[in-house]
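run-v2.txt (compact mmCIF, C-alpha atoms) appears below.
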```
# COMPACT_ATOMS: atom_id res chain seq x y z
CA MET F 1 72.10 110.11 123.22
CA GLU F 2 69.80 113.14 123.14
CA HIS F 3 72.05 114.76 120.53
CA TYR F 4 71.65 111.84 118.11
CA ALA F 5 67.93 111.55 118.79
CA ARG F 6 67.54 115.22 117.80
CA SER F 7 69.61 114.75 114.64
CA PHE F 8 67.55 111.73 113.66
CA GLN F 9 64.27 113.47 114.37
CA GLU F 10 65.31 116.37 112.14
CA HIS F 11 66.93 114.50 109.24
CA GLY F 12 65.60 110.93 109.41
CA CYS F 13 67.29 107.96 107.70
CA SER F 14 70.15 109.84 106.08
CA PRO F 15 73.83 110.58 106.78
CA GLN F 16 72.77 113.82 108.45
CA GLY F 17 70.33 111.89 110.59
CA VAL F 18 73.28 110.14 112.25
CA ASP F 19 75.21 113.44 112.33
CA TRP F 20 77.50 112.85 109.38
CA GLY F 21 77.83 115.35 106.56
CA PRO F 22 75.28 115.44 103.71
CA LYS F 23 77.53 113.88 101.04
CA LEU F 24 76.30 110.40 100.19
CA GLY F 25 79.62 109.51 98.59
CA ASP F 26 81.52 110.21 101.80
CA HIS F 27 79.03 108.15 103.78
CA ALA F 28 79.37 105.21 101.38
CA LEU F 29 83.16 105.45 101.56
CA ARG F 30 83.09 105.18 105.36
CA LEU F 31 80.82 102.15 105.17
CA ASP F 32 83.14 100.48 102.67
CA ARG F 33 86.07 101.13 105.01
CA MET F 34 84.19 99.20 107.72
CA LEU F 35 83.55 96.28 105.37
CA ALA F 36 87.24 96.17 104.45
CA VAL F 37 87.79 94.32 107.75
CA LEU F 38 86.35 91.14 106.19
CA LEU F 39 88.87 88.38 105.57
CA PRO F 40 88.55 85.55 103.05
CA GLY F 41 87.82 82.05 104.31
CA GLY F 42 88.53 80.81 107.81
CA ASN F 43 84.91 80.23 108.85
CA ASP F 44 84.73 76.44 108.39
CA GLY F 45 81.90 76.83 105.91
CA ARG F 46 79.63 78.72 108.28
CA ARG F 47 78.15 82.15 107.65
CA PRO F 48 80.39 84.86 109.17
CA SER F 49 78.85 87.17 111.77
CA LEU F 50 79.25 90.91 112.25
CA LEU F 51 78.30 93.27 115.09
CA ASP F 52 77.69 96.86 114.01
CA VAL F 53 78.29 99.13 117.02
CA GLY F 54 76.39 102.39 116.64
CA CYS F 55 74.31 100.95 113.80
CA GLY F 56 72.03 103.99 113.43
CA TYR F 57 69.23 103.32 110.95
CA GLY F 58 71.06 100.37 109.36
CA ALA F 59 73.14 102.05 106.66
CA LEU F 60 75.90 99.43 106.88
CA LEU F 61 73.37 96.68 106.18
CA ASP F 62 72.16 98.70 103.20
CA GLN F 63 75.76 98.80 101.96
CA MET F 64 76.23 95.08 102.54
CA LYS F 65 73.18 94.33 100.42
CA ALA F 66 74.37 96.72 97.70
CA ARG F 67 77.77 94.95 97.68
CA ASP F 68 76.13 91.49 97.79
CA ILE F 69 77.87 90.69 101.10
CA ASP F 70 76.06 88.00 103.08
CA LEU F 71 76.80 88.01 106.81
CA GLU F 72 74.92 87.17 109.96
CA TYR F 73 74.34 90.78 111.01
CA MET F 74 73.48 92.35 114.35
CA GLY F 75 73.19 96.10 114.94
CA ILE F 76 73.21 97.86 118.29
CA ASP F 77 72.76 101.51 119.17
CA VAL F 78 71.92 103.52 122.28
CA CYS F 79 69.40 105.61 120.32
CA LYS F 80 66.10 103.74 120.43
CA GLU F 81 64.61 105.87 117.65
CA MET F 82 67.33 104.81 115.24
CA VAL F 83 67.07 101.16 116.23
CA GLY F 84 63.31 101.32 115.73
CA ALA F 85 63.76 102.71 112.23
CA ALA F 86 66.42 100.09 111.41
CA ARG F 87 64.08 97.31 112.57
CA GLN F 88 61.32 98.62 110.32
CA ARG F 89 63.65 98.90 107.32
CA HIS F 90 65.26 95.46 107.80
CA PRO F 91 62.94 93.28 109.92
CA ALA F 92 64.88 90.09 109.19
CA ALA F 93 68.06 91.40 110.84
CA THR F 94 68.81 91.47 114.56
CA TRP F 95 68.64 94.86 116.28
CA GLN F 96 69.12 95.84 119.89
CA VAL F 97 69.11 99.04 121.94
CA ALA F 98 72.35 98.48 123.83
CA ASP F 99 75.68 99.92 124.92
CA VAL F 100 78.60 97.84 123.65
CA LEU F 101 80.36 98.21 127.01
CA ALA F 102 77.45 96.42 128.71
CA LEU F 103 77.61 93.31 126.48
CA PRO F 104 79.10 90.06 127.83
CA ASP F 105 82.80 89.65 127.07
CA THR F 106 82.46 86.28 125.29
CA PRO F 107 83.71 86.42 121.68
CA ALA F 108 80.38 86.12 119.89
CA PHE F 109 81.03 87.69 116.47
CA ASP F 110 83.60 87.14 113.76
CA TYR F 111 83.81 90.88 113.16
CA VAL F 112 82.94 93.99 115.15
CA VAL F 113 82.85 97.41 113.49
CA CYS F 114 82.24 100.90 114.83
CA ASN F 115 81.59 103.69 112.34
CA GLY F 116 81.36 107.17 113.85
CA ILE F 117 81.06 106.56 117.59
CA LEU F 118 84.75 107.36 118.13
CA THR F 119 84.80 110.40 115.85
CA GLN F 120 82.69 112.68 118.08
CA LYS F 121 83.15 113.75 121.68
CA LEU F 122 80.52 116.55 121.74
CA ASP F 123 80.87 118.19 125.19
CA VAL F 124 82.91 115.36 126.77
CA SER F 125 86.44 116.22 127.89
CA ILE F 126 89.37 114.86 125.86
CA LYS F 127 90.57 112.88 128.88
CA ASP F 128 87.19 111.22 129.37
CA MET F 129 86.86 110.54 125.64
CA ASP F 130 90.33 108.96 125.56
CA ARG F 131 89.24 106.64 128.36
CA PHE F 132 85.95 105.78 126.67
CA ALA F 133 87.60 105.15 123.30
CA GLN F 134 90.19 102.79 124.76
CA ASN F 135 87.57 100.90 126.77
CA ALA F 136 85.37 100.60 123.68
CA ILE F 137 88.23 99.34 121.52
CA ARG F 138 89.22 96.78 124.16
CA LYS F 139 85.61 95.63 124.43
CA MET F 140 85.16 95.29 120.67
CA PHE F 141 88.30 93.19 120.43
CA ARG F 142 87.11 90.93 123.26
CA LEU F 143 83.84 90.41 121.36
CA CYS F 144 85.44 89.42 118.04
CA ARG F 145 86.76 86.11 116.78
CA ARG F 146 88.52 87.51 113.71
CA GLY F 147 88.87 91.30 113.67
CA ILE F 148 87.53 94.77 114.33
CA ALA F 149 87.41 98.10 112.48
CA PHE F 150 86.78 101.60 113.79
CA ASN F 151 87.36 105.16 112.62
CA VAL F 152 88.71 108.25 114.41
CA MET F 153 89.30 111.84 113.33
CA SER F 154 92.90 112.46 112.28
CA THR F 155 95.19 115.06 113.84
CA HIS F 156 96.75 115.55 110.40
CA VAL F 157 94.31 118.33 109.51
CA ASN F 158 94.51 122.11 109.24
CA PHE F 159 91.30 122.76 111.17
CA MET F 160 89.67 121.19 114.24
CA THR F 161 86.30 121.63 115.95
CA ASP F 162 85.65 121.14 119.66
CA ARG F 163 82.85 118.59 119.20
CA LEU F 164 84.93 116.07 117.24
CA TYR F 165 87.40 113.55 118.65
CA TYR F 166 90.90 113.67 117.19
CA ARG F 167 93.68 111.17 117.93
CA ASN F 168 97.14 111.01 116.46
CA PRO F 169 96.95 107.93 114.22
CA VAL F 170 100.47 106.74 114.97
CA GLU F 171 99.94 107.01 118.73
CA LEU F 172 96.59 105.22 118.64
CA LEU F 173 97.92 102.47 116.39
CA ALA F 174 100.88 102.00 118.75
CA TRP F 175 98.50 101.70 121.72
CA CYS F 176 96.36 99.15 119.88
CA MET F 177 99.38 97.06 118.93
CA SER F 178 100.79 97.20 122.45
CA GLU F 179 97.53 96.50 124.26
CA LEU F 180 95.63 94.19 121.91
CA SER F 181 97.30 92.74 118.81
CA HIS F 182 100.23 93.46 116.53
CA HIS F 183 98.16 92.14 113.61
CA ALA F 184 97.01 95.63 112.68
CA ARG F 185 96.39 97.85 109.69
CA LEU F 186 95.96 101.62 109.46
CA ASP F 187 94.13 103.20 106.51
CA HIS F 188 94.81 106.93 106.33
CA ALA F 189 94.76 107.06 102.52
CA TYR F 190 91.10 107.73 101.75
CA PRO F 191 90.08 111.36 101.11
CA LEU F 192 88.36 112.22 104.41
CA TYR F 193 89.68 113.83 107.59
CA GLU F 194 89.79 110.56 109.46
CA TYR F 195 91.39 107.13 109.41
CA THR F 196 90.33 103.54 110.04
CA ILE F 197 92.22 101.06 112.19
CA TYR F 198 91.84 97.30 111.73
CA LEU F 199 92.91 94.83 114.42
CA PHE F 200 92.98 91.10 113.82
CA ARG F 201 93.54 88.00 115.90
CA ARG F 202 96.36 85.71 114.81
CA ALA F 203 93.86 82.86 114.39
CA ALA F 204 91.90 84.94 111.91
CA ILE F 205 94.98 85.80 109.86
CA PHE F 206 96.14 82.21 109.49
CA GLY F 207 92.74 80.53 109.27
CA GLU F 208 93.16 78.65 112.57
CA SER F 209 90.18 77.93 114.78
CA ASP F 210 91.33 78.48 118.36
CA GLY F 211 90.20 82.13 118.44
CA THR F 212 93.08 83.25 120.65
CA SER F 213 94.79 86.61 120.40
CA ASP F 214 98.48 86.98 119.69
CA ALA F 215 99.11 90.29 121.43
CA ALA F 216 102.34 92.16 120.95
```
The structure in this file should be written as structure tokens.
Amino acid sequence: MEHYARSFQEHGCSPQGVDWGPKLGDHALRLDRMLAVLLPGGNDGRRPSLLDVGCGYGALLDQMKARDIDLEYMGIDVCKEMVGAARQRHPAATWQVADVLALPDTPAFDYVVCNGILTQKLDVSIKDMDRFAQNAIRKMFRLCRRGIAFNVMSTHVNFMTDRLYYRNPVELLAWCMSELSHHARLDHAYPLYEYTIYLFRRAAIFGESDGTSDAA
């Protein structure tokens, strides 16, 4: 948490402030990959809801507004400075300083997305980061009614740094399909050194309303 607070103090409300690179186009592309989890229909006329895990200063909500996407939005982050800035920038939205793993397990959101939290490990061991990532993915899926999206650094690169978290995309997708749902999609086609995994509940795919998971 101290690492992100320092980045935000130095760079403010910008991609660098949440420890991404300085390219605005790359940042926008990642945000669009998160929003690609949205499915048409299936909400019985109600406004869909989305939980943004690691919301930072609210960049995803900025992107939603730019794309004219209307959702019931909630952002959470462990960095109180970022949440404070997000609340000032978008006072009508719901913001909370919170750890996703500490939230109740009840499915409370149609969609849960996590942009960036599972791409960095900093000084955490790979074993501990593997455990955290899998617990976080499980938790996000328990919280959703329709689907989740998250990104991870790809092992299909020619250079790696110690502070980033790399997972073989095929292995992680296989784990997700085995543990959570075989209604899955992997996007490794966009021009960054990462990929996004989407996991859906069967009810979301077929527009049913029981909210149950059809795990593999």
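Closest to Arg185 in chain F among F:Val170, F:Met64, F:Leu51, F:Leu143 is F:Val170, based on only C-alpha atoms.
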Centre, x/y/z edge lengths, axis-aligned box for range 52-59 of chain F with 8 Å per side, as lines of an AutoDock Vina configuration file:
```
center_x = 73.8
center_y = 100.4
center_z = 111.8
size_x = 25.1
size_y = 23.1
size_z = 26.4
```
Please, what distance in Å, to one decimal, runs between CA of Lys80 in chain F and CA of Ala5 in chain F?
8.2 Å
Need to verify the contact set: Pro191 in chain F, 12 Å, only C-alpha atoms, exclusion of same-chain residues closer than 3 positions in sequence. Can you return it as a PDB file with C-alpha atoms, in the coordinates of the input?
```pdb
ATOM      1  CA  GLY F  25      79.620 109.510  98.590  1.00  0.00           C
ATOM      2  CA  ASP F  26      81.520 110.210 101.800  1.00  0.00           C
ATOM      3  CA  HIS F  27      79.030 108.150 103.780  1.00  0.00           C
ATOM      4  CA  LEU F  29      83.160 105.450 101.560  1.00  0.00           C
ATOM      5  CA  ARG F  30      83.090 105.180 105.360  1.00  0.00           C
ATOM      6  CA  ARG F  33      86.070 101.130 105.010  1.00  0.00           C
ATOM      7  CA  SER F 154      92.900 112.460 112.280  1.00  0.00           C
ATOM      8  CA  VAL F 157      94.310 118.330 109.510  1.00  0.00           C
ATOM      9  CA  ASP F 187      94.130 103.200 106.510  1.00  0.00           C
ATOM     10  CA  HIS F 188      94.810 106.930 106.330  1.00  0.00           C
ATOM     11  CA  GLU F 194      89.790 110.560 109.460  1.00  0.00           C
ATOM     12  CA  TYR F 195      91.390 107.130 109.410  1.00  0.00           C
ATOM     13  CA  THR F 196      90.330 103.540 110.040  1.00  0.00           C
TER      14      THR F 196
END
```
Distance in Å - CA of Tyr198 in chain F versus CA of Asn115 in chain F
12.1 Å
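Excluding Ile117 in chain F itself and any same-chain residue fewer than 4 positions from it, the protein and nucleic acid residues within 9 Å of it, counting all atoms listed in the file, are Val53, Gly54, Lys121, Ala133, Phe150, Asn151 and Val152 of chain F.
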Residues within 8 Å of Leu173 in chain F, please, as a ChimeraX atom specification. Count all atoms listed in the file; anything in the same chain fewer than 6 positions from it doesn't count.
/F:184,186,197
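Distance annotation: of F:Ala36, F:Leu199, F:Leu101, F:Cys13, the residue with the minimal separation from Gln88 in chain F is F:Cys13; atom set is only C-alpha atoms.
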Separation of CA of Tyr57 in chain F and CA of Arg142 in chain F, in Å?
25.0 Å
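Shortest separation to Gly84 in chain F among F:Met140, F:Leu50, F:Cys55, F:Leu71 occurs at residue F:Cys55, atoms counted being only C-alpha atoms.
When all atoms listed in the file are used to measure the gap to Ala102 in chain F, the shortest distance among F:Met177, F:Ile76, F:Ala189, F:Val18 belongs to F:Ile76.
Considering the residues F:Leu31, F:Gly75, F:Leu172, F:Met82 and counting all atoms listed in the file, Gln9 in chain F has its shortest atom-to-atom contact with F:Met82.
Distances here use only C-alpha atoms; by that measure, the residue among F:Asp110, F:Asp44, F:Asp62, F:Glu2 closest to Asp32 in chain F is F:Asp62.
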List the neighbours of Gly17 in chain F out to 7 Å using all atoms listed in the file; skip same-chain residues closer than 5 positions along the sequence, and give me the result as an MDAnalysis selection string.
chainID F and resid 7:8 10:12
What would range 28-59 of chain F look like with N, CA and C atoms in place, written as a compact mmCIF listing (two decimals), keeping the file's coordinate frame?
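The result, written out as rebuild37.txt:
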```
# COMPACT_ATOMS: atom_id res chain seq x y z
N ALA F 28 79.13 106.52 101.97
CA ALA F 28 79.37 105.21 101.38
C ALA F 28 80.83 104.79 101.54
N LEU F 29 81.74 105.75 101.41
CA LEU F 29 83.16 105.45 101.56
C LEU F 29 83.47 104.97 102.97
N ARG F 30 82.88 105.62 103.97
CA ARG F 30 83.09 105.18 105.36
C ARG F 30 82.55 103.78 105.57
N LEU F 31 81.40 103.49 105.03
CA LEU F 31 80.82 102.15 105.17
C LEU F 31 81.70 101.10 104.51
N ASP F 32 82.23 101.41 103.34
CA ASP F 32 83.14 100.48 102.67
C ASP F 32 84.41 100.26 103.48
N ARG F 33 84.89 101.30 104.16
CA ARG F 33 86.07 101.13 105.01
C ARG F 33 85.77 100.16 106.15
N MET F 34 84.56 100.18 106.69
CA MET F 34 84.19 99.20 107.72
C MET F 34 84.20 97.79 107.15
N LEU F 35 83.64 97.61 105.97
CA LEU F 35 83.55 96.28 105.37
C LEU F 35 84.91 95.75 104.91
N ALA F 36 85.90 96.62 104.83
CA ALA F 36 87.24 96.17 104.45
C ALA F 36 87.89 95.31 105.53
N VAL F 37 87.26 95.19 106.69
CA VAL F 37 87.79 94.32 107.75
C VAL F 37 87.59 92.84 107.40
N LEU F 38 86.69 92.53 106.48
CA LEU F 38 86.35 91.14 106.19
C LEU F 38 87.52 90.40 105.56
N LEU F 39 87.78 89.21 106.05
CA LEU F 39 88.87 88.38 105.57
C LEU F 39 88.31 87.19 104.79
N PRO F 40 89.03 86.71 103.80
CA PRO F 40 88.55 85.55 103.05
C PRO F 40 88.70 84.27 103.85
N GLY F 41 87.72 83.38 103.71
CA GLY F 41 87.82 82.05 104.31
C GLY F 41 87.88 82.06 105.83
N GLY F 42 88.30 80.91 106.38
CA GLY F 42 88.53 80.81 107.81
C GLY F 42 87.29 80.64 108.67
N ASN F 43 86.13 80.36 108.07
CA ASN F 43 84.91 80.23 108.85
C ASN F 43 84.35 78.80 108.85
N ASP F 44 85.13 77.85 108.39
CA ASP F 44 84.73 76.44 108.39
C ASP F 44 83.37 76.23 107.72
N GLY F 45 83.12 76.99 106.66
CA GLY F 45 81.90 76.83 105.91
C GLY F 45 80.68 77.50 106.49
N ARG F 46 80.80 78.07 107.68
CA ARG F 46 79.63 78.72 108.28
C ARG F 46 79.55 80.17 107.82
N ARG F 47 78.40 80.77 108.03
CA ARG F 47 78.15 82.15 107.65
C ARG F 47 78.83 83.07 108.66
N PRO F 48 79.72 83.96 108.23
CA PRO F 48 80.39 84.86 109.17
C PRO F 48 79.38 85.81 109.83
N SER F 49 79.73 86.27 111.03
CA SER F 49 78.85 87.17 111.77
C SER F 49 79.54 88.51 111.98
N LEU F 50 78.73 89.55 112.07
CA LEU F 50 79.25 90.91 112.25
C LEU F 50 78.36 91.68 113.21
N LEU F 51 78.99 92.36 114.18
CA LEU F 51 78.30 93.27 115.09
C LEU F 51 78.62 94.69 114.67
N ASP F 52 77.56 95.46 114.43
CA ASP F 52 77.69 96.86 114.01
C ASP F 52 77.38 97.74 115.23
N VAL F 53 78.43 98.31 115.82
CA VAL F 53 78.29 99.13 117.02
C VAL F 53 77.97 100.57 116.61
N GLY F 54 76.85 101.09 117.09
CA GLY F 54 76.39 102.39 116.64
C GLY F 54 75.77 102.27 115.26
N CYS F 55 74.84 101.33 115.12
CA CYS F 55 74.31 100.95 113.80
C CYS F 55 73.43 102.02 113.18
N GLY F 56 72.92 102.97 113.98
CA GLY F 56 72.03 103.99 113.43
C GLY F 56 70.80 103.36 112.81
N TYR F 57 70.44 103.81 111.63
CA TYR F 57 69.23 103.32 110.95
C TYR F 57 69.52 102.12 110.04
N GLY F 58 70.73 101.57 110.12
CA GLY F 58 71.06 100.37 109.36
C GLY F 58 71.75 100.61 108.04
N ALA F 59 72.48 101.71 107.93
CA ALA F 59 73.14 102.05 106.66
C ALA F 59 74.19 101.01 106.26
```
